[in-house]
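model.pdb (PDB, C-alpha atoms, pLDDT in the B column) appears below.
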ATOM      1  CA  GLY A   1      -6.251 -80.602 166.730  1.00 81.00           C
ATOM      2  CA  ILE A   2      -7.767 -78.384 169.368  1.00 87.00           C
ATOM      3  CA  GLN A   3      -6.948 -79.043 173.020  1.00 91.00           C
ATOM      4  CA  VAL A   4      -9.537 -78.519 175.758  1.00 94.00           C
ATOM      5  CA  GLU A   5      -8.222 -78.516 179.301  1.00 96.00           C
ATOM      6  CA  GLN A   6     -10.215 -78.254 182.498  1.00 97.00           C
ATOM      7  CA  SER A   7      -9.076 -77.416 185.981  1.00 97.00           C
ATOM      8  CA  PRO A   8      -9.029 -78.482 188.673  1.00 97.00           C
ATOM      9  CA  PRO A   9      -9.405 -82.193 187.858  1.00 96.00           C
ATOM     10  CA  ASP A  10     -10.918 -82.877 191.282  1.00 97.00           C
ATOM     11  CA  LEU A  11     -12.670 -80.636 193.778  1.00 97.00           C
ATOM     12  CA  ILE A  12     -14.014 -81.463 197.234  1.00 97.00           C
ATOM     13  CA  LEU A  13     -16.307 -78.975 198.937  1.00 96.00           C
ATOM     14  CA  GLN A  14     -18.451 -78.702 201.999  1.00 97.00           C
ATOM     15  CA  GLU A  15     -22.083 -77.825 201.439  1.00 97.00           C
ATOM     16  CA  GLY A  16     -22.550 -74.072 201.131  1.00 97.00           C
ATOM     17  CA  ALA A  17     -19.135 -73.336 199.667  1.00 97.00           C
ATOM     18  CA  ASN A  18     -18.556 -71.547 196.366  1.00 97.00           C
ATOM     19  CA  SER A  19     -16.322 -72.775 193.539  1.00 97.00           C
ATOM     20  CA  THR A  20     -14.953 -71.805 190.133  1.00 98.00           C
ATOM     21  CA  LEU A  21     -14.220 -74.314 187.387  1.00 98.00           C
ATOM     22  CA  ARG A  22     -12.078 -73.346 184.404  1.00 98.00           C
ATOM     23  CA  CYS A  23     -11.985 -74.464 180.778  1.00 98.00           C
ATOM     24  CA  ASN A  24      -9.103 -73.443 178.484  1.00 97.00           C
ATOM     25  CA  PHE A  25      -9.079 -74.139 174.764  1.00 95.00           C
ATOM     26  CA  SER A  26      -6.225 -73.842 172.324  1.00 93.00           C
ATOM     27  CA  ASP A  27      -7.939 -72.499 169.204  1.00 89.00           C
ATOM     28  CA  SER A  28     -10.855 -70.346 168.107  1.00 85.00           C
ATOM     29  CA  VAL A  29     -14.192 -72.049 168.577  1.00 84.00           C
ATOM     30  CA  ASN A  30     -17.690 -71.441 167.301  1.00 81.00           C
ATOM     31  CA  ASN A  31     -19.424 -72.159 170.562  1.00 89.00           C
ATOM     32  CA  LEU A  32     -19.078 -73.694 173.990  1.00 94.00           C
ATOM     33  CA  GLN A  33     -21.290 -75.808 176.213  1.00 95.00           C
ATOM     34  CA  TRP A  34     -21.080 -76.719 179.908  1.00 98.00           C
ATOM     35  CA  PHE A  35     -22.540 -80.031 181.089  1.00 97.00           C
ATOM     36  CA  HIS A  36     -23.058 -81.765 184.423  1.00 97.00           C
ATOM     37  CA  GLN A  37     -22.810 -85.557 184.317  1.00 95.00           C
ATOM     38  CA  ASN A  38     -24.688 -87.137 187.190  1.00 91.00           C
ATOM     39  CA  PRO A  39     -23.623 -90.412 188.834  1.00 87.00           C
ATOM     40  CA  TRP A  40     -25.881 -92.364 186.454  1.00 87.00           C
ATOM     41  CA  GLY A  41     -24.113 -90.997 183.382  1.00 89.00           C
ATOM     42  CA  GLN A  42     -26.725 -88.517 182.181  1.00 92.00           C
ATOM     43  CA  LEU A  43     -25.251 -85.356 180.675  1.00 95.00           C
ATOM     44  CA  ILE A  44     -27.329 -82.360 181.678  1.00 95.00           C
ATOM     45  CA  ASN A  45     -27.011 -79.125 179.727  1.00 95.00           C
ATOM     46  CA  LEU A  46     -26.009 -76.214 181.921  1.00 97.00           C
ATOM     47  CA  PHE A  47     -25.018 -73.446 179.518  1.00 97.00           C
ATOM     48  CA  TYR A  48     -24.650 -72.812 175.801  1.00 94.00           C
ATOM     49  CA  ILE A  49     -22.351 -69.812 175.890  1.00 94.00           C
ATOM     50  CA  PRO A  50     -20.142 -68.602 173.004  1.00 89.00           C
ATOM     51  CA  SER A  51     -19.275 -65.392 174.818  1.00 92.00           C
ATOM     52  CA  GLY A  52     -20.386 -63.202 177.683  1.00 95.00           C
ATOM     53  CA  THR A  53     -22.022 -64.213 180.930  1.00 97.00           C
ATOM     54  CA  LYS A  54     -25.151 -66.212 181.686  1.00 97.00           C
ATOM     55  CA  GLN A  55     -26.773 -67.086 184.994  1.00 97.00           C
ATOM     56  CA  ASN A  56     -29.160 -69.850 185.978  1.00 96.00           C
ATOM     57  CA  GLY A  57     -29.982 -69.964 189.671  1.00 97.00           C
ATOM     58  CA  ARG A  58     -26.863 -70.748 191.685  1.00 97.00           C
ATOM     59  CA  LEU A  59     -24.822 -71.356 188.553  1.00 98.00           C
ATOM     60  CA  SER A  60     -23.303 -68.841 186.207  1.00 98.00           C
ATOM     61  CA  ALA A  61     -20.837 -69.037 183.328  1.00 98.00           C
ATOM     62  CA  THR A  62     -18.548 -66.595 181.581  1.00 98.00           C
ATOM     63  CA  THR A  63     -16.782 -67.172 178.273  1.00 96.00           C
ATOM     64  CA  VAL A  64     -14.008 -64.886 177.014  1.00 96.00           C
ATOM     65  CA  ALA A  65     -13.569 -66.227 173.510  1.00 92.00           C
ATOM     66  CA  THR A  66     -10.745 -63.827 172.584  1.00 93.00           C
ATOM     67  CA  GLU A  67      -8.679 -65.181 175.476  1.00 95.00           C
ATOM     68  CA  ARG A  68      -9.829 -68.775 174.912  1.00 95.00           C
ATOM     69  CA  TYR A  69     -11.290 -69.661 178.279  1.00 97.00           C
ATOM     70  CA  SER A  70     -14.584 -70.147 180.061  1.00 97.00           C
ATOM     71  CA  LEU A  71     -15.453 -70.211 183.759  1.00 98.00           C
ATOM     72  CA  LEU A  72     -18.301 -71.965 185.568  1.00 98.00           C
ATOM     73  CA  TYR A  73     -19.265 -70.597 188.974  1.00 98.00           C
ATOM     74  CA  ILE A  74     -21.194 -72.654 191.509  1.00 97.00           C
ATOM     75  CA  SER A  75     -22.426 -70.766 194.545  1.00 97.00           C
ATOM     76  CA  SER A  76     -23.794 -72.210 197.791  1.00 97.00           C
ATOM     77  CA  SER A  77     -23.018 -75.736 196.636  1.00 97.00           C
ATOM     78  CA  GLN A  78     -25.351 -78.625 197.501  1.00 97.00           C
ATOM     79  CA  THR A  79     -24.759 -82.366 197.645  1.00 95.00           C
ATOM     80  CA  THR A  80     -26.829 -82.718 194.468  1.00 94.00           C
ATOM     81  CA  ASP A  81     -24.172 -80.685 192.633  1.00 96.00           C
ATOM     82  CA  SER A  82     -21.799 -83.650 192.918  1.00 96.00           C
ATOM     83  CA  GLY A  83     -20.727 -85.250 189.671  1.00 95.00           C
ATOM     84  CA  VAL A  84     -18.457 -84.439 186.757  1.00 96.00           C
ATOM     85  CA  TYR A  85     -18.560 -81.093 184.968  1.00 97.00           C
ATOM     86  CA  PHE A  86     -17.533 -81.001 181.325  1.00 97.00           C
ATOM     87  CA  CYS A  87     -16.964 -78.143 178.968  1.00 97.00           C
ATOM     88  CA  ALA A  88     -17.196 -78.887 175.264  1.00 95.00           C
ATOM     89  CA  VAL A  89     -16.248 -76.627 172.391  1.00 93.00           C
ATOM     90  CA  LEU A  90     -17.713 -76.528 168.919  1.00 85.00           C
ATOM     91  CA  TYR A  91     -14.792 -76.727 166.532  1.00 78.00           C
ATOM     92  CA  ASN A  92     -14.891 -76.495 162.723  1.00 72.00           C
ATOM     93  CA  THR A  93     -18.705 -76.000 162.851  1.00 64.00           C
ATOM     94  CA  ASP A  94     -19.559 -79.659 163.335  1.00 68.00           C
ATOM     95  CA  LYS A  95     -17.374 -81.224 166.022  1.00 77.00           C
ATOM     96  CA  LEU A  96     -18.054 -81.004 169.733  1.00 86.00           C
ATOM     97  CA  ILE A  97     -14.746 -81.604 171.523  1.00 90.00           C
ATOM     98  CA  PHE A  98     -14.970 -82.413 175.228  1.00 93.00           C
ATOM     99  CA  GLY A  99     -12.546 -81.527 177.986  1.00 94.00           C
ATOM    100  CA  THR A 100     -11.355 -84.076 180.534  1.00 90.00           C
ATOM    101  CA  GLY A 101     -13.797 -82.857 183.170  1.00 95.00           C
ATOM    102  CA  THR A 102     -13.761 -81.671 186.788  1.00 97.00           C
ATOM    103  CA  ARG A 103     -15.002 -84.194 189.344  1.00 96.00           C
ATOM    104  CA  LEU A 104     -16.855 -82.373 192.129  1.00 97.00           C
ATOM    105  CA  GLN A 105     -17.796 -83.930 195.462  1.00 97.00           C
ATOM    106  CA  VAL A 106     -19.928 -81.932 197.864  1.00 97.00           C
ATOM    107  CA  PHE A 107     -20.201 -83.235 201.428  1.00 96.00           C
ATOM    108  CA  PRO A 108     -22.882 -82.263 203.960  1.00 94.00           C
TER     109      PRO A 108
ATOM    110  CA  GLU B   1     -35.691 -85.527 180.675  1.00 75.00           C
ATOM    111  CA  THR B   2     -33.704 -84.053 177.814  1.00 79.00           C
ATOM    112  CA  GLY B   3     -36.003 -85.236 174.998  1.00 94.00           C
ATOM    113  CA  VAL B   4     -33.512 -87.900 173.918  1.00 97.00           C
ATOM    114  CA  THR B   5     -34.139 -91.517 174.944  1.00 97.00           C
ATOM    115  CA  GLN B   6     -31.880 -94.540 174.680  1.00 97.00           C
ATOM    116  CA  THR B   7     -32.528 -98.265 175.023  1.00 97.00           C
ATOM    117  CA  PRO B   8     -31.406-100.462 176.556  1.00 97.00           C
ATOM    118  CA  ARG B   9     -29.892 -98.650 179.531  1.00 96.00           C
ATOM    119  CA  HIS B  10     -27.636-101.597 180.351  1.00 96.00           C
ATOM    120  CA  LEU B  11     -26.332-104.352 178.086  1.00 96.00           C
ATOM    121  CA  VAL B  12     -24.058-107.310 178.733  1.00 95.00           C
ATOM    122  CA  MET B  13     -22.935-109.259 175.700  1.00 92.00           C
ATOM    123  CA  GLY B  14     -20.424-111.868 174.696  1.00 89.00           C
ATOM    124  CA  MET B  15     -17.831-111.268 172.015  1.00 87.00           C
ATOM    125  CA  THR B  16     -19.737-113.367 169.483  1.00 86.00           C
ATOM    126  CA  ASN B  17     -23.120-111.716 170.019  1.00 88.00           C
ATOM    127  CA  LYS B  18     -24.881-109.201 167.798  1.00 93.00           C
ATOM    128  CA  LYS B  19     -26.900-106.463 169.464  1.00 95.00           C
ATOM    129  CA  SER B  20     -28.226-103.000 168.645  1.00 97.00           C
ATOM    130  CA  LEU B  21     -28.489 -99.783 170.614  1.00 98.00           C
ATOM    131  CA  LYS B  22     -31.409 -97.485 169.904  1.00 98.00           C
ATOM    132  CA  CYS B  23     -31.757 -93.741 170.257  1.00 98.00           C
ATOM    133  CA  GLU B  24     -34.827 -91.588 169.680  1.00 98.00           C
ATOM    134  CA  GLN B  25     -35.128 -87.805 169.867  1.00 97.00           C
ATOM    135  CA  HIS B  26     -38.367 -85.866 170.376  1.00 96.00           C
ATOM    136  CA  LEU B  27     -36.925 -82.386 169.867  1.00 95.00           C
ATOM    137  CA  GLY B  28     -37.449 -81.871 166.138  1.00 94.00           C
ATOM    138  CA  HIS B  29     -33.699 -81.886 165.524  1.00 94.00           C
ATOM    139  CA  ASN B  30     -32.068 -82.854 162.230  1.00 91.00           C
ATOM    140  CA  ALA B  31     -28.671 -84.100 163.399  1.00 91.00           C
ATOM    141  CA  MET B  32     -27.821 -87.060 165.636  1.00 93.00           C
ATOM    142  CA  TYR B  33     -24.577 -88.327 167.138  1.00 93.00           C
ATOM    143  CA  TRP B  34     -23.014 -91.342 168.821  1.00 95.00           C
ATOM    144  CA  TYR B  35     -20.347 -90.803 171.480  1.00 95.00           C
ATOM    145  CA  LYS B  36     -18.276 -93.275 173.468  1.00 95.00           C
ATOM    146  CA  GLN B  37     -17.201 -92.615 177.057  1.00 95.00           C
ATOM    147  CA  SER B  38     -14.578 -94.975 178.438  1.00 93.00           C
ATOM    148  CA  ALA B  39     -13.211 -94.862 181.954  1.00 86.00           C
ATOM    149  CA  LYS B  40     -10.621 -92.148 182.457  1.00 74.00           C
ATOM    150  CA  LYS B  41     -11.008 -90.810 178.899  1.00 81.00           C
ATOM    151  CA  PRO B  42     -12.853 -87.806 177.444  1.00 82.00           C
ATOM    152  CA  LEU B  43     -16.001 -88.380 175.465  1.00 90.00           C
ATOM    153  CA  GLU B  44     -15.149 -89.418 171.925  1.00 89.00           C
ATOM    154  CA  LEU B  45     -17.312 -88.624 168.916  1.00 89.00           C
ATOM    155  CA  MET B  46     -17.998 -91.776 166.892  1.00 92.00           C
ATOM    156  CA  PHE B  47     -20.553 -90.902 164.234  1.00 91.00           C
ATOM    157  CA  VAL B  48     -22.509 -87.868 163.048  1.00 89.00           C
ATOM    158  CA  TYR B  49     -25.661 -87.937 160.959  1.00 89.00           C
ATOM    159  CA  SER B  50     -26.997 -84.705 159.550  1.00 82.00           C
ATOM    160  CA  LEU B  51     -30.267 -84.813 157.601  1.00 71.00           C
ATOM    161  CA  GLU B  52     -30.030 -88.630 157.770  1.00 68.00           C
ATOM    162  CA  GLU B  53     -26.679 -88.724 155.963  1.00 74.00           C
ATOM    163  CA  ARG B  54     -23.522 -89.797 157.713  1.00 73.00           C
ATOM    164  CA  VAL B  55     -21.114 -86.876 157.719  1.00 70.00           C
ATOM    165  CA  GLU B  56     -18.528 -88.094 160.204  1.00 69.00           C
ATOM    166  CA  ASN B  57     -16.934 -91.423 160.972  1.00 70.00           C
ATOM    167  CA  ASN B  58     -14.167 -90.885 163.453  1.00 69.00           C
ATOM    168  CA  SER B  59     -12.001 -93.888 162.526  1.00 82.00           C
ATOM    169  CA  VAL B  60     -14.371 -96.212 164.331  1.00 90.00           C
ATOM    170  CA  PRO B  61     -13.809 -99.985 163.848  1.00 92.00           C
ATOM    171  CA  SER B  62     -16.199-101.700 161.475  1.00 92.00           C
ATOM    172  CA  ARG B  63     -17.615-103.835 164.292  1.00 94.00           C
ATOM    173  CA  PHE B  64     -19.666-100.696 165.078  1.00 95.00           C
ATOM    174  CA  SER B  65     -22.240 -99.979 162.370  1.00 94.00           C
ATOM    175  CA  PRO B  66     -24.578 -96.966 162.624  1.00 94.00           C
ATOM    176  CA  GLU B  67     -27.963 -96.602 160.991  1.00 93.00           C
ATOM    177  CA  CYS B  68     -30.169 -93.522 160.770  1.00 93.00           C
ATOM    178  CA  PRO B  69     -33.504 -94.402 159.122  1.00 92.00           C
ATOM    179  CA  ASN B  70     -35.004 -90.958 159.775  1.00 91.00           C
ATOM    180  CA  SER B  71     -34.176 -87.764 161.621  1.00 90.00           C
ATOM    181  CA  SER B  72     -35.712 -89.018 164.891  1.00 95.00           C
ATOM    182  CA  HIS B  73     -34.078 -92.419 165.183  1.00 96.00           C
ATOM    183  CA  LEU B  74     -30.494 -93.610 165.371  1.00 96.00           C
ATOM    184  CA  PHE B  75     -29.143 -97.116 165.866  1.00 97.00           C
ATOM    185  CA  LEU B  76     -25.726 -98.526 166.629  1.00 97.00           C
ATOM    186  CA  HIS B  77     -25.356-102.148 165.534  1.00 97.00           C
ATOM    187  CA  LEU B  78     -22.721-104.110 167.408  1.00 96.00           C
ATOM    188  CA  HIS B  79     -21.034-107.366 166.375  1.00 93.00           C
ATOM    189  CA  THR B  80     -17.963-109.308 167.467  1.00 93.00           C
ATOM    190  CA  LEU B  81     -17.031-106.699 170.034  1.00 93.00           C
ATOM    191  CA  GLN B  82     -13.944-106.820 172.229  1.00 93.00           C
ATOM    192  CA  PRO B  83     -13.779-106.380 176.016  1.00 93.00           C
ATOM    193  CA  GLU B  84     -12.111-102.982 175.503  1.00 92.00           C
ATOM    194  CA  ASP B  85     -15.338-101.805 173.823  1.00 95.00           C
ATOM    195  CA  SER B  86     -17.011-101.833 177.229  1.00 96.00           C
ATOM    196  CA  ALA B  87     -18.055 -98.235 177.848  1.00 96.00           C
ATOM    197  CA  LEU B  88     -20.960 -95.826 178.181  1.00 96.00           C
ATOM    198  CA  TYR B  89     -22.435 -95.085 174.753  1.00 97.00           C
ATOM    199  CA  LEU B  90     -24.212 -91.754 174.515  1.00 97.00           C
ATOM    200  CA  CYS B  91     -26.525 -90.476 171.835  1.00 97.00           C
ATOM    201  CA  ALA B  92     -27.086 -86.786 171.207  1.00 95.00           C
ATOM    202  CA  SER B  93     -29.117 -84.610 168.883  1.00 95.00           C
ATOM    203  CA  SER B  94     -29.058 -81.007 167.725  1.00 92.00           C
ATOM    204  CA  TYR B  95     -30.373 -78.662 165.109  1.00 89.00           C
ATOM    205  CA  ALA B  96     -27.911 -78.102 162.273  1.00 81.00           C
ATOM    206  CA  VAL B  97     -28.039 -75.395 159.617  1.00 76.00           C
ATOM    207  CA  THR B  98     -25.665 -75.604 156.643  1.00 71.00           C
ATOM    208  CA  GLY B  99     -23.332 -77.844 158.629  1.00 63.00           C
ATOM    209  CA  ILE B 100     -23.155 -75.612 161.688  1.00 69.00           C
ATOM    210  CA  ILE B 101     -24.468 -77.450 164.696  1.00 72.00           C
ATOM    211  CA  ASN B 102     -26.242 -75.827 167.577  1.00 82.00           C
ATOM    212  CA  GLU B 103     -26.625 -76.903 171.185  1.00 90.00           C
ATOM    213  CA  GLN B 104     -26.462 -80.673 171.609  1.00 92.00           C
ATOM    214  CA  PHE B 105     -28.731 -82.610 173.964  1.00 95.00           C
ATOM    215  CA  PHE B 106     -27.797 -86.030 175.261  1.00 96.00           C
ATOM    216  CA  GLY B 107     -29.661 -89.193 176.114  1.00 97.00           C
ATOM    217  CA  PRO B 108     -29.081 -91.130 179.364  1.00 96.00           C
ATOM    218  CA  GLY B 109     -26.648 -93.575 177.721  1.00 96.00           C
ATOM    219  CA  THR B 110     -26.304 -97.330 177.385  1.00 97.00           C
ATOM    220  CA  ARG B 111     -23.739 -98.918 179.678  1.00 96.00           C
ATOM    221  CA  LEU B 112     -22.219-101.758 177.667  1.00 96.00           C
ATOM    222  CA  THR B 113     -20.173-104.597 179.119  1.00 95.00           C
ATOM    223  CA  VAL B 114     -18.471-107.045 176.759  1.00 94.00           C
ATOM    224  CA  LEU B 115     -17.447-110.337 178.333  1.00 92.00           C
TER     225      LEU B 115
END

As structure tokens - that is how I would like this structure written.
Amino acid sequence: GIQVEQSPPDLILQEGANSTLRCNFSDSVNNLQWFHQNPWGQLINLFYIPSGTKQNGRLSATTVATERYSLLYISSSQTTDSGVYFCAVLYNTDKLIFGTGTRLQVFP
Amino acid sequence: ETGVTQTPRHLVMGMTNKKSLKCEQHLGHNAMYWYKQSAKKPLELMFVYSLEERVENNSVPSRFSPECPNSSHLFLHLHTLQPEDSALYLCASSYAVTGIINEQFFGPGTRLTVL
């Protein structure tokens, strides 16, 4: 089956710093989503991005489907950005396969 | 608020109990999903319902029994669970066209502890 790997597994930042999270996948996919899971477990949709670049405030994402990776950029990080970031790929039209996540901690 | 609600948010049950988890979506979607998130493991897809028919059962033990009475409601019936079933159970919904699913939206989850 398809493998979805995220890096780094853990990231510690000071408030105001920028960061880049990476998602690699081992096969062609139909789509890709980025999520933020807050400390209470809620998965919050960040981007639905099969290819190209999208921006939403301080966050942006780029997916290069032909090279099988996606990047999530967080600029000017805030303590509320803390949590776990997941990418998930849509495989075989009906399966959303999740990566292992990047745990981000932002300190004041 | 994602438009997907789950109840209860927390549940503690013994191994001999029977309980049910409920999920409701207010997004007009036609596909619903149950996922399990255990500590230190990626989210695992358990069940998929598309147009109220089960289309996926990811080798889930029979002590988990899903029910989808209509496109807005999804249940997960639990009986004779094991302590290793303790996890966060997440419901999601999406719009699906000819089997191709679109963006999924998740509920807040039910944190289940089995004693």

If the PyMOL selection byres ((chain A) within 12 of (chain B)) were run on this exact file, what residues would it hold? Put them as number ranges by chain.
A: 3-6, 9, 29-50, 84-103

Which polymer residues, whether protein, DNA or RNA, lie within 12 Å of the coordinate (-18.1, -104.1, 163.0) when you count all atoms listed in the file? List them as a PyMOL selection string, using the chain letters and numbers from the file.
chain B and resi 15-20+59-66+76-82+85

For this file, the PyMOL selection byres ((chain A and resi 17) around 10) selects which residues, as an MDAnalysis selection string?
chainID A and resid 12:16 18:19 74:78 106

Output C-alpha atoms for every residue in the selection just made, as an mmCIF file, in the coordinates of the input.
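The resulting file, result12.cif, is shown below:
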data_model
loop_
_atom_site.group_PDB
_atom_site.id
_atom_site.type_symbol
_atom_site.label_atom_id
_atom_site.label_comp_id
_atom_site.auth_asym_id
_atom_site.auth_seq_id
_atom_site.Cartn_x
_atom_site.Cartn_y
_atom_site.Cartn_z
ATOM 1 C CA ILE A 12 -14.014 -81.463 197.234
ATOM 2 C CA LEU A 13 -16.307 -78.975 198.937
ATOM 3 C CA GLN A 14 -18.451 -78.702 201.999
ATOM 4 C CA GLU A 15 -22.083 -77.825 201.439
ATOM 5 C CA GLY A 16 -22.550 -74.072 201.131
ATOM 6 C CA ASN A 18 -18.556 -71.547 196.366
ATOM 7 C CA SER A 19 -16.322 -72.775 193.539
ATOM 8 C CA ILE A 74 -21.194 -72.654 191.509
ATOM 9 C CA SER A 75 -22.426 -70.766 194.545
ATOM 10 C CA SER A 76 -23.794 -72.210 197.791
ATOM 11 C CA SER A 77 -23.018 -75.736 196.636
ATOM 12 C CA GLN A 78 -25.351 -78.625 197.501
ATOM 13 C CA VAL A 106 -19.928 -81.932 197.864
#

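Nearest residue to Tyr95 (chain B), choosing from B:His29, B:Val114, B:Asn70, B:Pro83 and counting all atoms listed in the file: B:His29.
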
Resolved residues for the PyMOL selection byres ((chain B and resi 28) around 10) as a PDB file with C-alpha atoms, in the coordinates of the input:
ATOM      1  CA  GLY B   3     -36.003 -85.236 174.998  1.00 94.00           C
ATOM      2  CA  GLN B  25     -35.128 -87.805 169.867  1.00 97.00           C
ATOM      3  CA  HIS B  26     -38.367 -85.866 170.376  1.00 96.00           C
ATOM      4  CA  LEU B  27     -36.925 -82.386 169.867  1.00 95.00           C
ATOM      5  CA  HIS B  29     -33.699 -81.886 165.524  1.00 94.00           C
ATOM      6  CA  ASN B  30     -32.068 -82.854 162.230  1.00 91.00           C
ATOM      7  CA  ALA B  31     -28.671 -84.100 163.399  1.00 91.00           C
ATOM      8  CA  SER B  71     -34.176 -87.764 161.621  1.00 90.00           C
ATOM      9  CA  SER B  72     -35.712 -89.018 164.891  1.00 95.00           C
ATOM     10  CA  SER B  93     -29.117 -84.610 168.883  1.00 95.00           C
ATOM     11  CA  SER B  94     -29.058 -81.007 167.725  1.00 92.00           C
ATOM     12  CA  TYR B  95     -30.373 -78.662 165.109  1.00 89.00           C
TER      13      TYR B  95
END

re CA of Phe25 (chain A) and CA of Gln55 (chain A): distance 21.6 Å

Coordinates-based distance that separates CA of Trp34 (chain B) from CA of Ile2 (chain A) (Å, one decimal)
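CA of Ile2 (chain A) sits 20.0 Å away from CA of Trp34 (chain B).
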
Centre and edges of the region 40-45 of chain B box, axis-aligned, 4 Å extra per side, as lines of an AutoDock Vina configuration file:
center_x = -14.0
center_y = -90.0
center_z = 175.7
size_x = 14.7
size_y = 12.3
size_z = 21.5

Which residues, written as a ChimeraX atom specification, have at least one atom at most 7 Å from Pro8 (chain B), with all atoms listed in the file counted and residues fewer than 2 positions away on the same chain left out?
/B:6,10-11,21,110

Have region 50-68 of chain A completed to N, CA and C atoms, please, and pass it along as a PDB file, keeping the file's coordinate frame.
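That gives us rebuild38.pdb:
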ATOM      1  N   PRO A  50     -21.291 -68.946 173.845  1.00 89.00           N
ATOM      2  CA  PRO A  50     -20.142 -68.602 173.004  1.00 89.00           C
ATOM      3  C   PRO A  50     -19.326 -67.432 173.532  1.00 89.00           C
ATOM      4  N   SER A  51     -19.984 -66.538 174.246  1.00 92.00           N
ATOM      5  CA  SER A  51     -19.275 -65.392 174.818  1.00 92.00           C
ATOM      6  C   SER A  51     -20.187 -64.757 175.856  1.00 92.00           C
ATOM      7  N   GLY A  52     -19.597 -63.923 176.696  1.00 95.00           N
ATOM      8  CA  GLY A  52     -20.386 -63.202 177.683  1.00 95.00           C
ATOM      9  C   GLY A  52     -20.671 -64.026 178.917  1.00 95.00           C
ATOM     10  N   THR A  53     -21.676 -63.602 179.656  1.00 97.00           N
ATOM     11  CA  THR A  53     -22.022 -64.213 180.930  1.00 97.00           C
ATOM     12  C   THR A  53     -23.497 -64.584 180.946  1.00 97.00           C
ATOM     13  N   LYS A  54     -23.772 -65.770 181.495  1.00 97.00           N
ATOM     14  CA  LYS A  54     -25.151 -66.212 181.686  1.00 97.00           C
ATOM     15  C   LYS A  54     -25.297 -66.717 183.113  1.00 97.00           C
ATOM     16  N   GLN A  55     -26.509 -66.608 183.640  1.00 97.00           N
ATOM     17  CA  GLN A  55     -26.773 -67.086 184.994  1.00 97.00           C
ATOM     18  C   GLN A  55     -28.028 -67.937 184.982  1.00 97.00           C
ATOM     19  N   ASN A  56     -27.993 -68.997 185.811  1.00 96.00           N
ATOM     20  CA  ASN A  56     -29.160 -69.850 185.978  1.00 96.00           C
ATOM     21  C   ASN A  56     -29.176 -70.314 187.436  1.00 96.00           C
ATOM     22  N   GLY A  57     -29.927 -69.613 188.256  1.00 97.00           N
ATOM     23  CA  GLY A  57     -29.982 -69.964 189.671  1.00 97.00           C
ATOM     24  C   GLY A  57     -28.633 -69.762 190.347  1.00 97.00           C
ATOM     25  N   ARG A  58     -28.145 -70.839 190.970  1.00 97.00           N
ATOM     26  CA  ARG A  58     -26.863 -70.748 191.685  1.00 97.00           C
ATOM     27  C   ARG A  58     -25.660 -70.878 190.767  1.00 97.00           C
ATOM     28  N   LEU A  59     -25.913 -71.171 189.516  1.00 98.00           N
ATOM     29  CA  LEU A  59     -24.822 -71.356 188.553  1.00 98.00           C
ATOM     30  C   LEU A  59     -24.732 -70.166 187.608  1.00 98.00           C
ATOM     31  N   SER A  60     -23.512 -69.828 187.263  1.00 98.00           N
ATOM     32  CA  SER A  60     -23.303 -68.841 186.207  1.00 98.00           C
ATOM     33  C   SER A  60     -22.068 -69.229 185.418  1.00 98.00           C
ATOM     34  N   ALA A  61     -21.974 -68.724 184.188  1.00 98.00           N
ATOM     35  CA  ALA A  61     -20.837 -69.037 183.328  1.00 98.00           C
ATOM     36  C   ALA A  61     -20.418 -67.788 182.589  1.00 98.00           C
ATOM     37  N   THR A  62     -19.116 -67.703 182.362  1.00 98.00           N
ATOM     38  CA  THR A  62     -18.548 -66.595 181.581  1.00 98.00           C
ATOM     39  C   THR A  62     -17.585 -67.176 180.570  1.00 98.00           C
ATOM     40  N   THR A  63     -17.721 -66.776 179.312  1.00 96.00           N
ATOM     41  CA  THR A  63     -16.782 -67.172 178.273  1.00 96.00           C
ATOM     42  C   THR A  63     -16.120 -65.927 177.692  1.00 96.00           C
ATOM     43  N   VAL A  64     -14.779 -65.958 177.658  1.00 96.00           N
ATOM     44  CA  VAL A  64     -14.008 -64.886 177.014  1.00 96.00           C
ATOM     45  C   VAL A  64     -13.335 -65.523 175.809  1.00 96.00           C
ATOM     46  N   ALA A  65     -14.026 -65.490 174.684  1.00 92.00           N
ATOM     47  CA  ALA A  65     -13.569 -66.227 173.510  1.00 92.00           C
ATOM     48  C   ALA A  65     -12.224 -65.705 172.998  1.00 92.00           C
ATOM     49  N   THR A  66     -11.996 -64.401 173.095  1.00 93.00           N
ATOM     50  CA  THR A  66     -10.745 -63.827 172.584  1.00 93.00           C
ATOM     51  C   THR A  66      -9.545 -64.317 173.378  1.00 93.00           C
ATOM     52  N   GLU A  67      -9.775 -64.672 174.647  1.00 95.00           N
ATOM     53  CA  GLU A  67      -8.679 -65.181 175.476  1.00 95.00           C
ATOM     54  C   GLU A  67      -8.766 -66.694 175.654  1.00 95.00           C
ATOM     55  N   ARG A  68      -9.734 -67.316 174.998  1.00 95.00           N
ATOM     56  CA  ARG A  68      -9.829 -68.775 174.912  1.00 95.00           C
ATOM     57  C   ARG A  68      -9.997 -69.450 176.264  1.00 95.00           C
TER      58      ARG A  68
END
